[in-house]
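Peer 1: Below is the file input_4.pdb, which contains PDB, C-alpha atoms, pLDDT in the B column.
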```pdb
ATOM      1  CA  GLN T   1       1.958   2.577  15.098  1.00 90.00           C
ATOM      2  CA  VAL T   2      -0.171   3.278  12.076  1.00 91.00           C
ATOM      3  CA  GLN T   3       1.862   2.403   9.008  1.00 94.00           C
ATOM      4  CA  LEU T   4       2.002   0.908   5.548  1.00 96.00           C
ATOM      5  CA  VAL T   5       4.897  -1.408   4.725  1.00 97.00           C
ATOM      6  CA  GLU T   6       5.733  -2.361   1.152  1.00 97.00           C
ATOM      7  CA  SER T   7       7.806  -5.304   0.011  1.00 98.00           C
ATOM      8  CA  GLY T   8       8.470  -7.368  -3.084  1.00 98.00           C
ATOM      9  CA  GLY T   9      10.602  -5.013  -5.130  1.00 98.00           C
ATOM     10  CA  ASP T  10      13.479  -6.572  -7.035  1.00 97.00           C
ATOM     11  CA  LEU T  11      15.609  -6.520 -10.165  1.00 98.00           C
ATOM     12  CA  VAL T  12      13.848  -8.253 -13.046  1.00 98.00           C
ATOM     13  CA  GLN T  13      14.347  -8.552 -16.783  1.00 98.00           C
ATOM     14  CA  ALA T  14      12.004  -6.872 -19.217  1.00 98.00           C
ATOM     15  CA  GLY T  15       8.973  -9.052 -19.835  1.00 98.00           C
ATOM     16  CA  GLY T  16       9.115 -10.508 -16.349  1.00 98.00           C
ATOM     17  CA  SER T  17       6.733 -10.226 -13.418  1.00 98.00           C
ATOM     18  CA  LEU T  18       6.783  -9.058  -9.812  1.00 98.00           C
ATOM     19  CA  LYS T  19       4.184  -8.931  -7.065  1.00 98.00           C
ATOM     20  CA  LEU T  20       4.393  -6.104  -4.569  1.00 98.00           C
ATOM     21  CA  SER T  21       2.747  -6.251  -1.164  1.00 98.00           C
ATOM     22  CA  CYS T  22       1.507  -3.475   1.110  1.00 98.00           C
ATOM     23  CA  VAL T  23       0.653  -4.468   4.671  1.00 97.00           C
ATOM     24  CA  ALA T  24      -1.359  -2.049   6.774  1.00 95.00           C
ATOM     25  CA  THR T  25      -0.909  -1.825  10.542  1.00 92.00           C
ATOM     26  CA  LEU T  26      -3.570  -0.293  12.789  1.00 89.00           C
ATOM     27  CA  VAL T  27      -5.546   0.947   9.803  1.00 87.00           C
ATOM     28  CA  SER T  28      -8.383  -0.729   7.933  1.00 86.00           C
ATOM     29  CA  ILE T  29      -8.142  -1.157   4.185  1.00 83.00           C
ATOM     30  CA  ASN T  30     -11.803  -1.998   3.734  1.00 83.00           C
ATOM     31  CA  ILE T  31     -12.925   1.512   4.688  1.00 83.00           C
ATOM     32  CA  ASN T  32     -10.193   3.364   2.822  1.00 88.00           C
ATOM     33  CA  ASP T  33      -9.025   3.665  -0.741  1.00 93.00           C
ATOM     34  CA  ILE T  34      -5.501   2.283  -1.127  1.00 96.00           C
ATOM     35  CA  ASN T  35      -3.255   3.540  -3.884  1.00 97.00           C
ATOM     36  CA  TRP T  36       0.025   2.546  -5.463  1.00 98.00           C
ATOM     37  CA  TYR T  37       2.284   5.322  -6.724  1.00 98.00           C
ATOM     38  CA  ARG T  38       5.752   5.226  -8.236  1.00 98.00           C
ATOM     39  CA  GLN T  39       8.613   7.646  -8.589  1.00 98.00           C
ATOM     40  CA  SER T  40      11.602   7.477 -10.895  1.00 95.00           C
ATOM     41  CA  PRO T  41      14.748   9.574 -10.340  1.00 90.00           C
ATOM     42  CA  GLY T  42      14.133  13.159 -11.388  1.00 93.00           C
ATOM     43  CA  GLN T  43      10.445  12.509 -11.987  1.00 95.00           C
ATOM     44  CA  GLN T  44       7.324  13.404 -10.076  1.00 96.00           C
ATOM     45  CA  ARG T  45       5.528  10.715  -8.162  1.00 97.00           C
ATOM     46  CA  GLU T  46       2.795   9.281 -10.358  1.00 97.00           C
ATOM     47  CA  HIS T  47      -0.346   7.326  -9.649  1.00 98.00           C
ATOM     48  CA  VAL T  48      -0.278   3.684 -10.725  1.00 98.00           C
ATOM     49  CA  ALA T  49      -3.416   2.010  -9.370  1.00 98.00           C
ATOM     50  CA  THR T  50      -6.180   2.332  -6.788  1.00 98.00           C
ATOM     51  CA  ILE T  51      -8.445  -0.134  -5.049  1.00 97.00           C
ATOM     52  CA  SER T  52     -11.356   1.661  -3.455  1.00 94.00           C
ATOM     53  CA  LYS T  53     -13.025   0.814  -0.175  1.00 91.00           C
ATOM     54  CA  THR T  54     -15.759  -0.874  -2.222  1.00 93.00           C
ATOM     55  CA  GLY T  55     -13.200  -2.949  -4.131  1.00 94.00           C
ATOM     56  CA  SER T  56     -13.384  -1.157  -7.453  1.00 96.00           C
ATOM     57  CA  THR T  57     -10.094  -0.628  -9.244  1.00 98.00           C
ATOM     58  CA  THR T  58      -8.551   2.036 -11.457  1.00 98.00           C
ATOM     59  CA  TYR T  59      -5.250   2.100 -13.311  1.00 98.00           C
ATOM     60  CA  ALA T  60      -2.958   4.536 -15.026  1.00 98.00           C
ATOM     61  CA  ASP T  61      -3.078   4.156 -18.797  1.00 98.00           C
ATOM     62  CA  SER T  62       0.601   3.195 -18.826  1.00 97.00           C
ATOM     63  CA  VAL T  63      -0.037   0.039 -16.769  1.00 98.00           C
ATOM     64  CA  LYS T  64      -3.569  -0.897 -17.783  1.00 98.00           C
ATOM     65  CA  GLY T  65      -3.713  -4.505 -18.909  1.00 98.00           C
ATOM     66  CA  ARG T  66      -0.352  -5.345 -17.329  1.00 98.00           C
ATOM     67  CA  PHE T  67      -0.806  -4.542 -13.628  1.00 98.00           C
ATOM     68  CA  THR T  68      -3.499  -5.795 -11.263  1.00 98.00           C
ATOM     69  CA  ILE T  69      -4.291  -4.405  -7.820  1.00 98.00           C
ATOM     70  CA  SER T  70      -6.030  -6.635  -5.297  1.00 97.00           C
ATOM     71  CA  ARG T  71      -6.518  -6.955  -1.566  1.00 96.00           C
ATOM     72  CA  ASP T  72      -7.253  -9.251   1.340  1.00 95.00           C
ATOM     73  CA  THR T  73      -9.036  -7.200   3.973  1.00 92.00           C
ATOM     74  CA  ALA T  74      -8.600  -9.879   6.649  1.00 93.00           C
ATOM     75  CA  LYS T  75      -4.839  -9.776   6.137  1.00 94.00           C
ATOM     76  CA  ARG T  76      -4.879  -5.963   5.713  1.00 95.00           C
ATOM     77  CA  THR T  77      -2.791  -6.500   2.613  1.00 97.00           C
ATOM     78  CA  VAL T  78      -2.950  -4.923  -0.828  1.00 97.00           C
ATOM     79  CA  TRP T  79      -0.990  -6.414  -3.718  1.00 98.00           C
ATOM     80  CA  LEU T  80       0.181  -5.059  -7.040  1.00 98.00           C
ATOM     81  CA  GLN T  81       0.783  -7.810  -9.567  1.00 98.00           C
ATOM     82  CA  MET T  82       2.994  -6.480 -12.329  1.00 98.00           C
ATOM     83  CA  ASN T  83       3.325  -8.452 -15.557  1.00 98.00           C
ATOM     84  CA  ARG T  84       5.117  -7.791 -18.852  1.00 98.00           C
ATOM     85  CA  LEU T  85       7.391  -5.338 -17.092  1.00 98.00           C
ATOM     86  CA  LYS T  86       9.207  -2.694 -19.114  1.00 98.00           C
ATOM     87  CA  PRO T  87      12.374  -0.717 -18.351  1.00 97.00           C
ATOM     88  CA  GLU T  88      10.201   2.375 -17.977  1.00 96.00           C
ATOM     89  CA  ASP T  89       8.465   0.705 -15.026  1.00 98.00           C
ATOM     90  CA  THR T  90      11.691   1.129 -13.052  1.00 98.00           C
ATOM     91  CA  ALA T  91      10.876   3.211  -9.977  1.00 98.00           C
ATOM     92  CA  VAL T  92      10.364   3.204  -6.249  1.00 98.00           C
ATOM     93  CA  TYR T  93       6.809   2.011  -5.649  1.00 98.00           C
ATOM     94  CA  TYR T  94       4.844   3.449  -2.745  1.00 98.00           C
ATOM     95  CA  CYS T  95       1.656   2.373  -1.046  1.00 97.00           C
ATOM     96  CA  ASN T  96      -0.639   5.209  -0.010  1.00 97.00           C
ATOM     97  CA  LEU T  97      -3.815   5.791   1.949  1.00 95.00           C
ATOM     98  CA  ALA T  98      -5.579   9.117   1.525  1.00 89.00           C
ATOM     99  CA  ARG T  99      -8.803  10.129   3.245  1.00 88.00           C
ATOM    100  CA  GLY T 100      -9.792  13.748   3.278  1.00 86.00           C
ATOM    101  CA  THR T 101      -6.804  15.704   4.535  1.00 90.00           C
ATOM    102  CA  TYR T 102      -5.170  12.601   6.030  1.00 90.00           C
ATOM    103  CA  THR T 103      -2.529  10.807   4.014  1.00 93.00           C
ATOM    104  CA  LEU T 104      -0.232   7.920   4.893  1.00 95.00           C
ATOM    105  CA  TRP T 105       2.748   6.700   2.858  1.00 97.00           C
ATOM    106  CA  GLY T 106       4.874   3.617   3.090  1.00 97.00           C
ATOM    107  CA  GLN T 107       8.655   3.701   2.813  1.00 97.00           C
ATOM    108  CA  GLY T 108       8.663   2.395  -0.753  1.00 97.00           C
ATOM    109  CA  THR T 109      10.124  -0.628  -2.503  1.00 98.00           C
ATOM    110  CA  GLN T 110      12.541  -0.480  -5.451  1.00 98.00           C
ATOM    111  CA  VAL T 111      11.600  -2.097  -8.741  1.00 98.00           C
ATOM    112  CA  THR T 112      14.295  -2.219 -11.403  1.00 98.00           C
ATOM    113  CA  VAL T 113      13.566  -3.606 -14.868  1.00 98.00           C
ATOM    114  CA  SER T 114      16.592  -4.339 -17.046  1.00 97.00           C
ATOM    115  CA  SER T 115      16.400  -4.307 -20.828  1.00 93.00           C
TER     116      SER T 115
END
```
Could you spell out this file's structure in structure tokens?
Peer 2:
Amino acid sequence: QVQLVESGGDLVQAGGSLKLSCVATLVSININDINWYRQSPGQQREHVATISKTGSTTYADSVKGRFTISRDTAKRTVWLQMNRLKPEDTAVYYCNLARGTYTLWGQGTQVTVSS
């Protein structure tokens, strides 16, 4: 079935790094914008980064300079490289595809950053 599956979340110390993966099944990532969002307990889901269908990237101010979004269209995989992690980066991270009124979410992967 059409789905996005995230992986790579873990417990890491502040200052460390993690690389999250989002694998798309039965959907092309080279004709769709792919987004990463995150949600902390009691908080609204917030946008983290986007890689557009043309390959351009955008980032939330809170992660700019620390996180990098990239993709391999042949592998239908989008990555989020997260460096210099902070405790406030702790959240469930979700991969998302949105096109017009259609939206697809993955199940999320937990990232916990200890101080």
Peer 1: Which residues are close to segment 97-113 of chain T, i.e. within 10 Å by all atoms listed in the file, leaving aside same-chain residues fewer than 4 positions away? Reply as a PyMOL selection string.
Peer 2: chain T and resi 2-18+20-24+27-29+31-40+50+85-93
Peer 1: Would you put the residues from that selection into a file with C-alpha atoms, as a CSV table (one decimal), in the frame of the given file?
Peer 2:
```csv
chain,number,residue,atom,x,y,z
T,2,VAL,CA,-0.2,3.3,12.1
T,3,GLN,CA,1.9,2.4,9.0
T,4,LEU,CA,2.0,0.9,5.5
T,5,VAL,CA,4.9,-1.4,4.7
T,6,GLU,CA,5.7,-2.4,1.2
T,7,SER,CA,7.8,-5.3,0.0
T,8,GLY,CA,8.5,-7.4,-3.1
T,9,GLY,CA,10.6,-5.0,-5.1
T,10,ASP,CA,13.5,-6.6,-7.0
T,11,LEU,CA,15.6,-6.5,-10.2
T,12,VAL,CA,13.8,-8.3,-13.0
T,13,GLN,CA,14.3,-8.6,-16.8
T,14,ALA,CA,12.0,-6.9,-19.2
T,15,GLY,CA,9.0,-9.1,-19.8
T,16,GLY,CA,9.1,-10.5,-16.3
T,17,SER,CA,6.7,-10.2,-13.4
T,18,LEU,CA,6.8,-9.1,-9.8
T,20,LEU,CA,4.4,-6.1,-4.6
T,21,SER,CA,2.7,-6.3,-1.2
T,22,CYS,CA,1.5,-3.5,1.1
T,23,VAL,CA,0.7,-4.5,4.7
T,24,ALA,CA,-1.4,-2.0,6.8
T,27,VAL,CA,-5.5,0.9,9.8
T,28,SER,CA,-8.4,-0.7,7.9
T,29,ILE,CA,-8.1,-1.2,4.2
T,31,ILE,CA,-12.9,1.5,4.7
T,32,ASN,CA,-10.2,3.4,2.8
T,33,ASP,CA,-9.0,3.7,-0.7
T,34,ILE,CA,-5.5,2.3,-1.1
T,35,ASN,CA,-3.3,3.5,-3.9
T,36,TRP,CA,0.0,2.5,-5.5
T,37,TYR,CA,2.3,5.3,-6.7
T,38,ARG,CA,5.8,5.2,-8.2
T,39,GLN,CA,8.6,7.6,-8.6
T,40,SER,CA,11.6,7.5,-10.9
T,50,THR,CA,-6.2,2.3,-6.8
T,85,LEU,CA,7.4,-5.3,-17.1
T,86,LYS,CA,9.2,-2.7,-19.1
T,87,PRO,CA,12.4,-0.7,-18.4
T,88,GLU,CA,10.2,2.4,-18.0
T,89,ASP,CA,8.5,0.7,-15.0
T,90,THR,CA,11.7,1.1,-13.1
T,91,ALA,CA,10.9,3.2,-10.0
T,92,VAL,CA,10.4,3.2,-6.2
T,93,TYR,CA,6.8,2.0,-5.6
```
Peer 1: Can you tell me how far atom CA of Gln1 of chain T sits from atom CA of Arg76 of chain T, in Å to one decimal?
Peer 2: 14.4 Å
Peer 1: For Arg71 of chain T, which residue out of T:Asn83, T:Ser52, T:Thr58, T:Pro41 is the nearest one, using all atoms listed in the file?
Peer 2: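 Answer, going by the shortest atom-to-atom distance: T:Ser52.
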Peer 1: Can you list what the PyMOL selection byres ((chain T and resi 62) around 12) grabs from this structure, as a VMD selection string?
Peer 2: chain T and resid 38 46 to 49 58 to 61 63 to 67 82 84 to 86 88 to 89
Peer 1: Nearest residue to Ala74 of chain T out of T:Cys95, T:Lys19, T:Gln43, T:Asn30, using all atoms listed in the file?
Peer 2: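 Looking only at the distances to Ala74 of chain T, the closest residue turns out to be T:Asn30.
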Peer 1: So what do you get for atom CA of Ile51 of chain T versus atom CA of Val78 of chain T, distance-wise?
Peer 2: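 Computing the Euclidean distance for atom CA of Ile51 of chain T and atom CA of Val78 of chain T yields 8.4 Å.
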Peer 1: Around the point (-4.2, -7.7, -5.5) in the file's coordinates, collect all residues with an atom within 7 Å, using only C-alpha atoms, and return them as a list in words.
Peer 2: Thr68, Ile69, Ser70, Arg71, Val78, Trp79, Leu80 and Gln81 of chain T
Peer 1: From the set T:Leu26, T:Gly55, T:Ser115, T:Arg45, which residue has the shortest atom-to-atom contact distance to Tyr94 of chain T, counting all atoms listed in the file?
Peer 2: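 Closest to Tyr94 of chain T, using all atoms listed in the file: T:Arg45.
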Peer 1: With 8 Å on each side, where is the centre of the axis-aligned box around all listed atoms of segment 39-52 of chain T, and how long are its edges in Å to one decimal, as JSON?
Peer 2:
```
{"center_x": 1.7, "center_y": 6.6, "center_z": -7.7, "size_x": 42.1, "size_y": 29.5, "size_z": 24.5}
```
Peer 1: May I ask you to restore N, CA, C and O atoms in segment 92-109 of chain T and write the result as a CSV table (one decimal), in the frame of the given file?
Peer 2:
```csv
chain,number,residue,atom,x,y,z
T,92,VAL,N,10.7,3.6,-7.6
T,92,VAL,CA,10.4,3.2,-6.2
T,92,VAL,C,8.8,3.2,-6.2
T,92,VAL,O,8.2,4.2,-6.6
T,93,TYR,N,8.3,2.1,-5.7
T,93,TYR,CA,6.8,2.0,-5.6
T,93,TYR,C,6.4,2.2,-4.2
T,93,TYR,O,6.9,1.6,-3.3
T,94,TYR,N,5.3,3.1,-4.1
T,94,TYR,CA,4.8,3.4,-2.7
T,94,TYR,C,3.4,3.1,-2.6
T,94,TYR,O,2.6,3.3,-3.5
T,95,CYS,N,3.0,2.6,-1.4
T,95,CYS,CA,1.7,2.4,-1.0
T,95,CYS,C,1.2,3.6,-0.3
T,95,CYS,O,1.9,4.3,0.4
T,96,ASN,N,-0.1,4.0,-0.5
T,96,ASN,CA,-0.6,5.2,0.0
T,96,ASN,C,-2.1,5.0,0.4
T,96,ASN,O,-2.9,4.3,-0.3
T,97,LEU,N,-2.4,5.7,1.5
T,97,LEU,CA,-3.8,5.8,1.9
T,97,LEU,C,-4.1,7.3,2.1
T,97,LEU,O,-3.3,8.0,2.7
T,98,ALA,N,-5.2,7.7,1.4
T,98,ALA,CA,-5.6,9.1,1.5
T,98,ALA,C,-7.1,9.2,1.8
T,98,ALA,O,-7.9,8.6,1.1
T,99,ARG,N,-7.4,9.9,2.9
T,99,ARG,CA,-8.8,10.1,3.2
T,99,ARG,C,-9.0,11.6,3.7
T,99,ARG,O,-8.4,11.9,4.8
T,100,GLY,N,-9.7,12.3,2.9
T,100,GLY,CA,-9.8,13.7,3.3
T,100,GLY,C,-8.4,14.4,3.3
T,100,GLY,O,-7.7,14.3,2.3
T,101,THR,N,-8.1,15.0,4.4
T,101,THR,CA,-6.8,15.7,4.5
T,101,THR,C,-5.7,14.8,5.1
T,101,THR,O,-4.6,15.2,5.2
T,102,TYR,N,-6.1,13.6,5.4
T,102,TYR,CA,-5.2,12.6,6.0
T,102,TYR,C,-4.5,11.8,4.9
T,102,TYR,O,-5.2,11.3,4.0
T,103,THR,N,-3.2,11.6,5.0
T,103,THR,CA,-2.5,10.8,4.0
T,103,THR,C,-1.4,10.0,4.7
T,103,THR,O,-0.8,10.5,5.6
T,104,LEU,N,-1.2,8.8,4.3
T,104,LEU,CA,-0.2,7.9,4.9
T,104,LEU,C,0.5,7.3,3.8
T,104,LEU,O,-0.1,6.7,2.8
T,105,TRP,N,1.9,7.3,3.9
T,105,TRP,CA,2.7,6.7,2.9
T,105,TRP,C,3.6,5.6,3.5
T,105,TRP,O,4.0,5.7,4.6
T,106,GLY,N,3.9,4.6,2.7
T,106,GLY,CA,4.9,3.6,3.1
T,106,GLY,C,6.3,4.1,2.7
T,106,GLY,O,6.4,5.2,2.2
T,107,GLN,N,7.3,3.3,3.0
T,107,GLN,CA,8.7,3.7,2.8
T,107,GLN,C,9.1,3.5,1.4
T,107,GLN,O,10.1,4.0,1.0
T,108,GLY,N,8.3,2.7,0.6
T,108,GLY,CA,8.7,2.4,-0.8
T,108,GLY,C,9.5,1.1,-0.9
T,108,GLY,O,10.2,0.7,0.0
T,109,THR,N,9.4,0.6,-2.1
T,109,THR,CA,10.1,-0.6,-2.5
T,109,THR,C,10.6,-0.4,-3.9
T,109,THR,O,9.9,0.0,-4.8
```
